[in-house]
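Trainee: I'd like to ask you about the structure that follows.
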Amino acid sequence: MGGRRSVVADPWLALEFGADPAERIAQVGAAHEAFLTGGATPDRVREVVRRSWERSALLDPEATAPVDLTDDALESYRAVHPLARVLPLFRDLLGGIAQDGAHLMAVCDAYGRLLWVEGHPGVLRHAARMNFVPGARWDETHAGTNAPGTALAVDHSVQIFATEHFVRPVQRWTCAAAPIHDPTTGRLLGAVDITGGDHLANPQSLALVRATARAAEAFLANAAPAEPDVVHVAALGRDEAELRVGGRRVRLGRRHSELLVLLLHHPEGRTGEQLGLDLYGDDRLHPVTLRAELSRLRRALGEELLDSRPYRLRGTVRADFRTVAELLERGDPAGALQAYPGSLLPASDAPGVARLRQLLDGQLRAAVLAAADPALLTAWTATPAGADDLTAWQALARALPPGTPRRPLAVARARQLAQEYDLPRATSLQRRGN
């Protein structure tokens, strides 16, 4: 039978084929105003944009992105950033766009800080009016929905078109961005972006930034020195740890995951008895079983990576939960939260793992509460560990300015938790009102 064949739209593209840009700007603009005034869920907005607006709801829609780094601090920071090595490649692939008088090329780090913004001087001057300049923070927390910030938030290439931007001063622009990862560890390094007018809302611009990001990762992979002894461990937000060893990925079982985390937490080494206590508890020591598990773990890691007497890891081992702890030690709760996808091996009941999980979650929670930053509190309450944290929800409700769309939600959640925990209704937050 004949007829028209339906085409599934790419959800990361801003406009469907044949759509009228002016009509779409008006539709999304009306949805944006309805969202700001009543918190209504917009029907005519892409899912990726709707979710981004919800994450951005703490922001003033007239806000300007703050500038974190300037002058010598900016120069020093970007000189040592891994993407500095790829800048000639970005210029080679996107240089024509950056100098055509209608577009900008931008590169940001994993926190949304713009490292380089290049293009025609006239376009750069217009962009500077909204602080689209090197050193400014364009993550969603500080700049709302935008291509580089949203690409980092969802870890996917994306276009953001005109009125899809959350902050009004940015709505005259359209942009496309793609995230870039460390090819060895998978760690998010930043994003590459092209910014210009409405004409950028086409498949070619999104394909271009995607290809540029993949070329950057290939360049870094070829330029990286061989690290045969480096083990990368991901154990946060998952019940079974994943290893990256010499270019291969290994998913460990539950007991091996617990053993590896315990060994990582004790780089000086542990005896078999100590590991048994950490793994099984006082009344369930199983030395034969433990030796068998360690033998299988050694085969999974590689014979050369696990010593005995005491048991300890050899060589360089990097782990996501240690990264979070290090960021907290440096006084960077925002960076720690960004590196924290969830609790450490949440299904584990091994005593040593449970203690470490509680310690890490407690340290992160304390840092977030001490900062009293609405963005950090929002991010913490969105985690499994923070979703039922009454104190954090109360702190969020106090930190949000009156009239902020998310404040009634925070107040309601705090009241709900207080009722569930059977606490007195007349809390200090409730006495102060909404």
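Every chain in the structure tokens takes a letter, A first, then B, and so on in the order presented; its residues are numbered from 1, and the ligands are numbered from 1 following the presented order.
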Which residues in segment 211-281 of chain A does DSSP call alpha helix (DSSP H)? List them as an NGL selection string.
Mentor: :A and (211-223 or 254-265 or 272-280)
Trainee: I'd like the neighbourhood of Asn131 of chain A as a PyMOL selection string, where a residue qualifies if any of its atoms comes within 12 Å (using only C-alpha atoms), though same-chain residues fewer than 6 positions away should be ignored.
Mentor: chain A and resi 63-68+113-114+117+124-125+137-138+142-143+169-170
Trainee: Using the selection just defined, write its residues with N, CA and C atoms as a short mmCIF file (atom, residue, chain, number, x, y, z; two decimals), in the first residue's frame.
Mentor:
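Final output, saved to selection.cif:
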```cif
data_model
loop_
_atom_site.label_atom_id
_atom_site.label_comp_id
_atom_site.auth_asym_id
_atom_site.auth_seq_id
_atom_site.Cartn_x
_atom_site.Cartn_y
_atom_site.Cartn_z
N ALA A 63 18.39 36.16 35.03
CA ALA A 63 19.74 36.03 35.58
C ALA A 63 20.80 36.08 34.50
N THR A 64 22.00 36.44 34.92
CA THR A 64 23.18 36.42 34.05
C THR A 64 24.17 35.42 34.61
N ALA A 65 24.76 34.63 33.76
CA ALA A 65 25.72 33.62 34.22
C ALA A 65 26.87 34.30 34.95
N PRO A 66 27.26 33.79 36.12
CA PRO A 66 28.38 34.41 36.86
C PRO A 66 29.72 34.04 36.25
N VAL A 67 30.69 34.90 36.46
CA VAL A 67 32.06 34.65 35.99
C VAL A 67 32.88 34.13 37.16
N ASP A 68 33.37 32.91 37.02
CA ASP A 68 34.14 32.26 38.09
C ASP A 68 35.62 32.59 38.02
N ARG A 113 32.17 25.72 33.15
CA ARG A 113 32.98 26.93 32.99
C ARG A 113 33.45 27.02 31.55
N LEU A 114 33.18 28.14 30.89
CA LEU A 114 33.66 28.34 29.53
C LEU A 114 35.17 28.56 29.57
N VAL A 117 36.02 30.87 24.10
CA VAL A 117 34.91 31.31 23.27
C VAL A 117 35.53 32.10 22.12
N LEU A 124 31.16 38.15 19.21
CA LEU A 124 31.68 38.04 20.57
C LEU A 124 31.18 39.18 21.46
N ARG A 125 31.09 40.39 20.89
CA ARG A 125 30.60 41.52 21.68
C ARG A 125 29.15 41.31 22.08
N ARG A 137 30.24 30.60 34.23
CA ARG A 137 29.63 29.31 34.53
C ARG A 137 28.33 29.15 33.75
N TRP A 138 28.32 28.22 32.81
CA TRP A 138 27.14 27.98 31.99
C TRP A 138 26.55 26.59 32.22
N HIS A 142 23.66 27.55 37.12
CA HIS A 142 23.96 28.97 37.10
C HIS A 142 23.40 29.71 35.88
N ALA A 143 23.11 28.98 34.80
CA ALA A 143 22.67 29.65 33.58
C ALA A 143 21.39 29.06 33.00
N PRO A 169 17.41 36.52 28.64
CA PRO A 169 18.41 37.20 27.82
C PRO A 169 19.13 36.30 26.81
N VAL A 170 19.02 34.97 26.97
CA VAL A 170 19.70 34.04 26.07
C VAL A 170 18.78 33.58 24.94
#
```
Trainee: Under the rule that only C-alpha atoms are counted, which of A:Asp60, A:Glu16, A:Glu242, A:Asp100 is the nearest residue to Thr141 of chain A?
Mentor: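 Selected residue with least distance to Thr141 of chain A: A:Asp60.
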Trainee: List the spatial neighbours of segment 208-222 of chain A as a PDB file with all heavy atoms, in the first residue's frame - criterion: any atom at most 9 Å away, only C-alpha atoms, same-chain residues fewer than 5 positions off excluded.
Mentor:
```pdb
ATOM      1  N   PRO A  82      42.744  19.148  30.469  1.00  0.00           N
ATOM      2  CA  PRO A  82      42.984  18.170  29.393  1.00  0.00           C
ATOM      3  C   PRO A  82      42.534  18.629  28.010  1.00  0.00           C
ATOM      4  O   PRO A  82      43.132  18.245  27.006  1.00  0.00           O
ATOM      5  CB  PRO A  82      42.176  16.949  29.861  1.00  0.00           C
ATOM      6  CG  PRO A  82      42.061  17.085  31.337  1.00  0.00           C
ATOM      7  CD  PRO A  82      42.022  18.559  31.605  1.00  0.00           C
ATOM      8  N   LEU A  83      41.484  19.461  27.936  1.00  0.00           N
ATOM      9  CA  LEU A  83      40.987  19.891  26.634  1.00  0.00           C
ATOM     10  C   LEU A  83      41.879  20.934  25.976  1.00  0.00           C
ATOM     11  O   LEU A  83      41.695  21.233  24.792  1.00  0.00           O
ATOM     12  CB  LEU A  83      39.554  20.416  26.766  1.00  0.00           C
ATOM     13  CG  LEU A  83      38.504  19.365  27.129  1.00  0.00           C
ATOM     14  CD1 LEU A  83      37.121  19.995  27.217  1.00  0.00           C
ATOM     15  CD2 LEU A  83      38.494  18.218  26.123  1.00  0.00           C
ATOM     16  N   ARG A  85      44.833  20.447  25.136  1.00  0.00           N
ATOM     17  CA  ARG A  85      45.571  19.720  24.100  1.00  0.00           C
ATOM     18  C   ARG A  85      44.759  19.569  22.824  1.00  0.00           C
ATOM     19  O   ARG A  85      45.315  19.334  21.748  1.00  0.00           O
ATOM     20  CB  ARG A  85      45.959  18.332  24.617  1.00  0.00           C
ATOM     21  CG  ARG A  85      47.022  18.352  25.706  1.00  0.00           C
ATOM     22  CD  ARG A  85      47.340  16.942  26.162  1.00  0.00           C
ATOM     23  NE  ARG A  85      46.245  16.368  26.935  1.00  0.00           N
ATOM     24  CZ  ARG A  85      46.156  15.074  27.252  1.00  0.00           C
ATOM     25  NH1 ARG A  85      47.074  14.226  26.818  1.00  0.00           N
ATOM     26  NH2 ARG A  85      45.148  14.641  27.980  1.00  0.00           N
ATOM     27  N   VAL A  86      43.427  19.690  22.937  1.00  0.00           N
ATOM     28  CA  VAL A  86      42.549  19.456  21.789  1.00  0.00           C
ATOM     29  C   VAL A  86      42.149  20.763  21.120  1.00  0.00           C
ATOM     30  O   VAL A  86      41.498  20.754  20.077  1.00  0.00           O
ATOM     31  CB  VAL A  86      41.299  18.666  22.230  1.00  0.00           C
ATOM     32  CG1 VAL A  86      40.596  18.050  21.035  1.00  0.00           C
ATOM     33  CG2 VAL A  86      41.666  17.568  23.212  1.00  0.00           C
ATOM     34  N   LEU A  87      42.527  21.897  21.705  1.00  0.00           N
ATOM     35  CA  LEU A  87      42.099  23.183  21.157  1.00  0.00           C
ATOM     36  C   LEU A  87      42.478  23.354  19.684  1.00  0.00           C
ATOM     37  O   LEU A  87      41.648  23.830  18.894  1.00  0.00           O
ATOM     38  CB  LEU A  87      42.669  24.329  21.996  1.00  0.00           C
ATOM     39  CG  LEU A  87      42.206  25.732  21.607  1.00  0.00           C
ATOM     40  CD1 LEU A  87      40.683  25.857  21.671  1.00  0.00           C
ATOM     41  CD2 LEU A  87      42.857  26.782  22.516  1.00  0.00           C
ATOM     42  N   LEU A  89      42.602  21.117  17.429  1.00  0.00           N
ATOM     43  CA  LEU A  89      41.647  20.311  16.674  1.00  0.00           C
ATOM     44  C   LEU A  89      40.298  21.017  16.586  1.00  0.00           C
ATOM     45  O   LEU A  89      39.658  21.049  15.522  1.00  0.00           O
ATOM     46  CB  LEU A  89      41.482  18.941  17.339  1.00  0.00           C
ATOM     47  CG  LEU A  89      40.426  18.017  16.738  1.00  0.00           C
ATOM     48  CD1 LEU A  89      40.850  17.562  15.349  1.00  0.00           C
ATOM     49  CD2 LEU A  89      40.184  16.809  17.636  1.00  0.00           C
ATOM     50  N   PHE A  90      39.828  21.584  17.704  1.00  0.00           N
ATOM     51  CA  PHE A  90      38.573  22.331  17.681  1.00  0.00           C
ATOM     52  C   PHE A  90      38.645  23.471  16.661  1.00  0.00           C
ATOM     53  O   PHE A  90      37.700  23.700  15.903  1.00  0.00           O
ATOM     54  CB  PHE A  90      38.270  22.917  19.065  1.00  0.00           C
ATOM     55  CG  PHE A  90      37.968  21.892  20.123  1.00  0.00           C
ATOM     56  CD1 PHE A  90      38.431  22.066  21.414  1.00  0.00           C
ATOM     57  CD2 PHE A  90      37.220  20.767  19.829  1.00  0.00           C
ATOM     58  CE1 PHE A  90      38.155  21.136  22.409  1.00  0.00           C
ATOM     59  CE2 PHE A  90      36.942  19.820  20.809  1.00  0.00           C
ATOM     60  CZ  PHE A  90      37.416  20.007  22.096  1.00  0.00           C
ATOM     61  N   LEU A  93      38.468  22.064  13.068  1.00  0.00           N
ATOM     62  CA  LEU A  93      37.160  21.553  12.640  1.00  0.00           C
ATOM     63  C   LEU A  93      36.073  22.612  12.654  1.00  0.00           C
ATOM     64  O   LEU A  93      35.133  22.565  11.849  1.00  0.00           O
ATOM     65  CB  LEU A  93      36.746  20.382  13.540  1.00  0.00           C
ATOM     66  CG  LEU A  93      37.622  19.129  13.464  1.00  0.00           C
ATOM     67  CD1 LEU A  93      37.140  18.087  14.462  1.00  0.00           C
ATOM     68  CD2 LEU A  93      37.628  18.559  12.054  1.00  0.00           C
ATOM     69  N   LEU A  94      36.173  23.559  13.594  1.00  0.00           N
ATOM     70  CA  LEU A  94      35.112  24.557  13.759  1.00  0.00           C
ATOM     71  C   LEU A  94      35.581  25.976  13.467  1.00  0.00           C
ATOM     72  O   LEU A  94      34.828  26.917  13.681  1.00  0.00           O
ATOM     73  CB  LEU A  94      34.549  24.491  15.184  1.00  0.00           C
ATOM     74  CG  LEU A  94      33.968  23.139  15.619  1.00  0.00           C
ATOM     75  CD1 LEU A  94      33.505  23.209  17.070  1.00  0.00           C
ATOM     76  CD2 LEU A  94      32.811  22.741  14.724  1.00  0.00           C
ATOM     77  N   SER A 157      24.657  14.838  23.476  1.00  0.00           N
ATOM     78  CA  SER A 157      24.621  15.996  22.584  1.00  0.00           C
ATOM     79  C   SER A 157      23.193  16.495  22.444  1.00  0.00           C
ATOM     80  O   SER A 157      22.233  15.716  22.464  1.00  0.00           O
ATOM     81  CB  SER A 157      25.187  15.617  21.207  1.00  0.00           C
ATOM     82  OG  SER A 157      24.508  14.485  20.697  1.00  0.00           O
ATOM     83  N   ALA A 176      24.190  24.313  19.835  1.00  0.00           N
ATOM     84  CA  ALA A 176      24.286  22.858  19.801  1.00  0.00           C
ATOM     85  C   ALA A 176      25.586  22.473  20.482  1.00  0.00           C
ATOM     86  O   ALA A 176      26.622  23.111  20.253  1.00  0.00           O
ATOM     87  CB  ALA A 176      24.259  22.338  18.370  1.00  0.00           C
ATOM     88  N   ALA A 177      25.549  21.452  21.335  1.00  0.00           N
ATOM     89  CA  ALA A 177      26.741  21.067  22.097  1.00  0.00           C
ATOM     90  C   ALA A 177      26.779  19.561  22.273  1.00  0.00           C
ATOM     91  O   ALA A 177      25.744  18.885  22.242  1.00  0.00           O
ATOM     92  CB  ALA A 177      26.759  21.759  23.460  1.00  0.00           C
ATOM     93  N   ALA A 178      27.980  19.054  22.490  1.00  0.00           N
ATOM     94  CA  ALA A 178      28.175  17.620  22.730  1.00  0.00           C
ATOM     95  C   ALA A 178      29.203  17.442  23.835  1.00  0.00           C
ATOM     96  O   ALA A 178      30.212  18.156  23.873  1.00  0.00           O
ATOM     97  CB  ALA A 178      28.644  16.921  21.458  1.00  0.00           C
ATOM     98  N   PRO A 179      28.976  16.483  24.742  1.00  0.00           N
ATOM     99  CA  PRO A 179      29.933  16.235  25.821  1.00  0.00           C
ATOM    100  C   PRO A 179      31.169  15.500  25.323  1.00  0.00           C
ATOM    101  O   PRO A 179      31.120  14.782  24.313  1.00  0.00           O
ATOM    102  CB  PRO A 179      29.137  15.376  26.804  1.00  0.00           C
ATOM    103  CG  PRO A 179      28.142  14.661  25.951  1.00  0.00           C
ATOM    104  CD  PRO A 179      27.793  15.609  24.832  1.00  0.00           C
ATOM    105  N   ILE A 180      32.263  15.671  26.059  1.00  0.00           N
ATOM    106  CA  ILE A 180      33.537  15.026  25.734  1.00  0.00           C
ATOM    107  C   ILE A 180      34.014  14.280  26.970  1.00  0.00           C
ATOM    108  O   ILE A 180      33.985  14.822  28.081  1.00  0.00           O
ATOM    109  CB  ILE A 180      34.594  16.060  25.302  1.00  0.00           C
ATOM    110  CG1 ILE A 180      34.096  16.859  24.100  1.00  0.00           C
ATOM    111  CG2 ILE A 180      35.929  15.388  24.983  1.00  0.00           C
ATOM    112  CD1 ILE A 180      34.929  18.077  23.786  1.00  0.00           C
ATOM    113  N   HIS A 181      34.452  13.033  26.780  1.00  0.00           N
ATOM    114  CA  HIS A 181      34.859  12.192  27.893  1.00  0.00           C
ATOM    115  C   HIS A 181      36.334  11.808  27.777  1.00  0.00           C
ATOM    116  O   HIS A 181      36.879  11.732  26.674  1.00  0.00           O
ATOM    117  CB  HIS A 181      34.026  10.914  27.935  1.00  0.00           C
ATOM    118  CG  HIS A 181      32.558  11.153  28.075  1.00  0.00           C
ATOM    119  ND1 HIS A 181      31.747  11.408  26.988  1.00  0.00           N
ATOM    120  CD2 HIS A 181      31.756  11.199  29.165  1.00  0.00           C
ATOM    121  CE1 HIS A 181      30.506  11.587  27.403  1.00  0.00           C
ATOM    122  NE2 HIS A 181      30.477  11.471  28.725  1.00  0.00           N
ATOM    123  N   ASP A 182      36.928  11.548  28.925  1.00  0.00           N
ATOM    124  CA  ASP A 182      38.260  10.971  28.947  1.00  0.00           C
ATOM    125  C   ASP A 182      38.159   9.560  28.370  1.00  0.00           C
ATOM    126  O   ASP A 182      37.391   8.737  28.882  1.00  0.00           O
ATOM    127  CB  ASP A 182      38.784  10.920  30.384  1.00  0.00           C
ATOM    128  CG  ASP A 182      40.202  10.414  30.475  1.00  0.00           C
ATOM    129  OD1 ASP A 182      40.462   9.318  29.942  1.00  0.00           O
ATOM    130  OD2 ASP A 182      41.043  11.080  31.089  1.00  0.00           O
ATOM    131  N   PRO A 183      38.902   9.248  27.302  1.00  0.00           N
ATOM    132  CA  PRO A 183      38.732   7.932  26.664  1.00  0.00           C
ATOM    133  C   PRO A 183      39.201   6.771  27.529  1.00  0.00           C
ATOM    134  O   PRO A 183      38.807   5.629  27.290  1.00  0.00           O
ATOM    135  CB  PRO A 183      39.582   8.053  25.392  1.00  0.00           C
ATOM    136  CG  PRO A 183      40.577   9.122  25.690  1.00  0.00           C
ATOM    137  CD  PRO A 183      39.890  10.087  26.602  1.00  0.00           C
ATOM    138  N   THR A 184      40.019   7.050  28.541  1.00  0.00           N
ATOM    139  CA  THR A 184      40.519   5.981  29.404  1.00  0.00           C
ATOM    140  C   THR A 184      39.585   5.703  30.563  1.00  0.00           C
ATOM    141  O   THR A 184      39.242   4.558  30.852  1.00  0.00           O
ATOM    142  CB  THR A 184      41.913   6.340  29.943  1.00  0.00           C
ATOM    143  OG1 THR A 184      42.808   6.567  28.844  1.00  0.00           O
ATOM    144  CG2 THR A 184      42.467   5.221  30.813  1.00  0.00           C
ATOM    145  N   ALA A 191      32.490  20.025  27.293  1.00  0.00           N
ATOM    146  CA  ALA A 191      31.636  19.972  26.107  1.00  0.00           C
ATOM    147  C   ALA A 191      32.140  20.976  25.082  1.00  0.00           C
ATOM    148  O   ALA A 191      32.791  21.970  25.429  1.00  0.00           O
ATOM    149  CB  ALA A 191      30.185  20.274  26.468  1.00  0.00           C
ATOM    150  N   VAL A 192      31.822  20.707  23.824  1.00  0.00           N
ATOM    151  CA  VAL A 192      32.112  21.640  22.737  1.00  0.00           C
ATOM    152  C   VAL A 192      30.779  22.135  22.195  1.00  0.00           C
ATOM    153  O   VAL A 192      29.811  21.381  22.103  1.00  0.00           O
ATOM    154  CB  VAL A 192      32.967  20.969  21.639  1.00  0.00           C
ATOM    155  CG1 VAL A 192      32.248  19.783  21.015  1.00  0.00           C
ATOM    156  CG2 VAL A 192      33.379  21.990  20.581  1.00  0.00           C
ATOM    157  N   ASP A 193      30.732  23.417  21.846  1.00  0.00           N
ATOM    158  CA  ASP A 193      29.466  24.074  21.519  1.00  0.00           C
ATOM    159  C   ASP A 193      29.636  25.000  20.328  1.00  0.00           C
ATOM    160  O   ASP A 193      30.698  25.606  20.140  1.00  0.00           O
ATOM    161  CB  ASP A 193      29.010  24.885  22.742  1.00  0.00           C
ATOM    162  CG  ASP A 193      27.907  25.876  22.422  1.00  0.00           C
ATOM    163  OD1 ASP A 193      26.737  25.474  22.412  1.00  0.00           O
ATOM    164  OD2 ASP A 193      28.234  27.063  22.178  1.00  0.00           O
ATOM    165  N   ILE A 194      28.591  25.102  19.516  1.00  0.00           N
ATOM    166  CA  ILE A 194      28.501  26.177  18.531  1.00  0.00           C
ATOM    167  C   ILE A 194      27.219  26.949  18.808  1.00  0.00           C
ATOM    168  O   ILE A 194      26.169  26.373  19.086  1.00  0.00           O
ATOM    169  CB  ILE A 194      28.555  25.676  17.073  1.00  0.00           C
ATOM    170  CG1 ILE A 194      27.529  24.571  16.816  1.00  0.00           C
ATOM    171  CG2 ILE A 194      29.937  25.209  16.705  1.00  0.00           C
ATOM    172  CD1 ILE A 194      27.490  24.125  15.362  1.00  0.00           C
ATOM    173  N   PRO A 203      19.832  19.545  11.548  1.00  0.00           N
ATOM    174  CA  PRO A 203      20.586  18.328  11.873  1.00  0.00           C
ATOM    175  C   PRO A 203      22.084  18.470  11.672  1.00  0.00           C
ATOM    176  O   PRO A 203      22.871  17.816  12.362  1.00  0.00           O
ATOM    177  CB  PRO A 203      19.997  17.281  10.919  1.00  0.00           C
ATOM    178  CG  PRO A 203      18.645  17.793  10.552  1.00  0.00           C
ATOM    179  CD  PRO A 203      18.770  19.297  10.547  1.00  0.00           C
TER     180      PRO A 203
END
```
Trainee: How close does segment 124-147 of chain A get to segment 162-165 of chain A? List, as a tab-separated table, each residue of segment 124-147 of chain A within 9 Å, its nearest atom pair and the distance in Å to one decimal, counting only C-alpha atoms.
Mentor:
```
residue	atom	partner	partner_atom	distance
A:Gly144	CA	A:His165	CA	7.1
A:Thr145	CA	A:His165	CA	4.9
A:Asn146	CA	A:His165	CA	5.6
A:Ala147	CA	A:His165	CA	8.6
```
Trainee: Between atom CA of Glu118 of chain A and atom CA of Gln99 of chain A, what is the distance, to one decimal in Å?
Mentor: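 One can read the atom CA of Glu118 of chain A to atom CA of Gln99 of chain A distance as 7.9 Å.
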Trainee: Using DSSP on the backbone coordinates, identify the residues of segment 39-238 of chain A assigned to strand (DSSP E or B); present them as a PyMOL selection string.
Mentor: chain A and resi 67+104-109+113-119+136-137+158-161+174-181+188-196+231-234+236
Trainee: What's the 10 Å shell around segment 397-412 of chain A, counting only C-alpha atoms, without same-chain residues fewer than 2 positions away, as an MDAnalysis selection string?
Mentor: chainID A and resid 35:39 54:60 372:375 377:378 381 390:395 414:418 429:430 432:434
Trainee: Can you write just those residues out, C-alpha atoms, as a short mmCIF file (atom, residue, chain, number, x, y, z; two decimals), in the first residue's frame?
Mentor:
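So part_6.cif came out as:
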```cif
data_model
loop_
_atom_site.label_atom_id
_atom_site.label_comp_id
_atom_site.auth_asym_id
_atom_site.auth_seq_id
_atom_site.Cartn_x
_atom_site.Cartn_y
_atom_site.Cartn_z
CA PHE A 35 5.82 27.50 33.40
CA LEU A 36 7.28 30.58 35.12
CA THR A 37 3.95 31.96 36.27
CA GLY A 38 2.16 28.79 37.31
CA GLY A 39 4.68 25.94 37.25
CA GLU A 54 12.41 21.88 36.08
CA ARG A 55 16.08 21.64 37.11
CA SER A 56 16.48 25.36 36.37
CA ALA A 57 13.40 26.49 38.28
CA LEU A 58 15.49 27.96 41.13
CA LEU A 59 16.95 30.57 38.82
CA ASP A 60 15.76 34.11 38.20
CA ALA A 372 23.13 26.37 52.57
CA ASP A 373 23.16 26.79 48.78
CA PRO A 374 19.72 26.17 47.19
CA ALA A 375 21.31 24.55 44.13
CA LEU A 377 20.39 21.34 48.48
CA THR A 378 18.23 20.69 45.43
CA THR A 381 17.46 16.02 47.81
CA LEU A 390 13.86 16.02 56.39
CA THR A 391 16.59 18.41 57.55
CA ALA A 392 17.76 18.96 53.97
CA TRP A 393 14.21 19.63 52.71
CA GLN A 394 13.65 22.12 55.53
CA ALA A 395 16.97 23.80 54.74
CA ALA A 414 9.27 18.74 54.46
CA ARG A 415 5.77 18.61 55.99
CA GLN A 416 5.12 15.19 54.48
CA LEU A 417 8.36 13.79 55.92
CA ALA A 418 7.66 15.34 59.33
CA LEU A 429 9.56 26.03 59.22
CA GLN A 430 5.78 25.71 59.46
CA ARG A 432 7.26 30.80 59.57
CA GLY A 433 4.69 29.92 56.91
CA ASN A 434 5.12 29.48 53.16
#
```
Trainee: Using only C-alpha atoms, what table do you get, as a tab-separated table, when you list each residue of segment 115-136 of chain A with an atom no more than 12 Å from segment 105-109 of chain A, its nearest pair of atoms, and their distance in Å rounded to one decimal, rows by chain then rising number?
Mentor:
```
residue	atom	partner	partner_atom	distance
A:Leu115	CA	A:Cys108	CA	5.1
A:Trp116	CA	A:Val107	CA	5.3
A:Val117	CA	A:Ala106	CA	4.3
A:Glu118	CA	A:Met105	CA	5.3
A:Gly119	CA	A:Met105	CA	6.4
A:His120	CA	A:Met105	CA	9.9
A:Val123	CA	A:Met105	CA	10.7
A:Leu124	CA	A:Met105	CA	10.0
A:Ala127	CA	A:Ala106	CA	11.2
A:Phe132	CA	A:Ala106	CA	9.0
A:Val133	CA	A:Ala106	CA	8.9
A:Pro134	CA	A:Cys108	CA	8.6
A:Gly135	CA	A:Cys108	CA	8.9
A:Ala136	CA	A:Cys108	CA	9.2
```
Trainee: Nearest residue to Arg168 of chain A out of A:Arg322, A:Arg51, A:His32, A:Arg357, using only C-alpha atoms?
Mentor: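 Of A:Arg322, A:Arg51, A:His32, A:Arg357, the one nearest Arg168 of chain A is A:His32, counting only C-alpha atoms.
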Trainee: Tell me which protein, DNA and RNA residues are within 10 Å of Val49 of chain A, counting only C-alpha atoms, leaving out same-chain ones fewer than 3 positions away, and put them as a PyMOL selection string.
Mentor: chain A and resi 11-12+14+42+45-46+52-55+145-146+150+158-161+164-166
Trainee: Excluding segment 362-366 of chain A and residues on its chain fewer than 3 positions from it, collect all residues at most 8 Å away from it, counting only C-alpha atoms, and give them as a list of chain:residue names.
Mentor: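 Counting only the stated atoms, we get A:Leu328, A:Pro333, A:Ala336, A:Leu337, A:Gln358, A:Leu359, A:Leu369, A:Ala370, A:Trp380, A:Gly386.
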Trainee: Store the residues picked out above, limited to C-alpha atoms, as a compact mmCIF listing (two decimals), in the first residue's frame.
Mentor:
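selection_12.txt was written with the following content:
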```txt
# COMPACT_ATOMS: atom_id res chain seq x y z
CA LEU A 328 35.13 17.20 49.99
CA PRO A 333 30.88 20.26 47.77
CA ALA A 336 31.67 16.29 45.05
CA LEU A 337 27.92 16.28 44.31
CA GLN A 358 27.47 6.03 55.92
CA LEU A 359 30.68 8.01 56.37
CA LEU A 369 23.90 21.61 54.68
CA ALA A 370 26.80 23.83 55.75
CA TRP A 380 21.21 16.51 47.32
CA GLY A 386 18.74 12.82 50.25
```
Trainee: Pick out the residues sitting within 7 Å of Arg314 of chain A, and hand them over as a list of chain:residue names; count only C-alpha atoms, and ignore anything fewer than 4 positions along from it in its own chain.
Mentor: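 Here the qualifying residues turn out to be A:Leu305, A:Leu306, A:Asp307.
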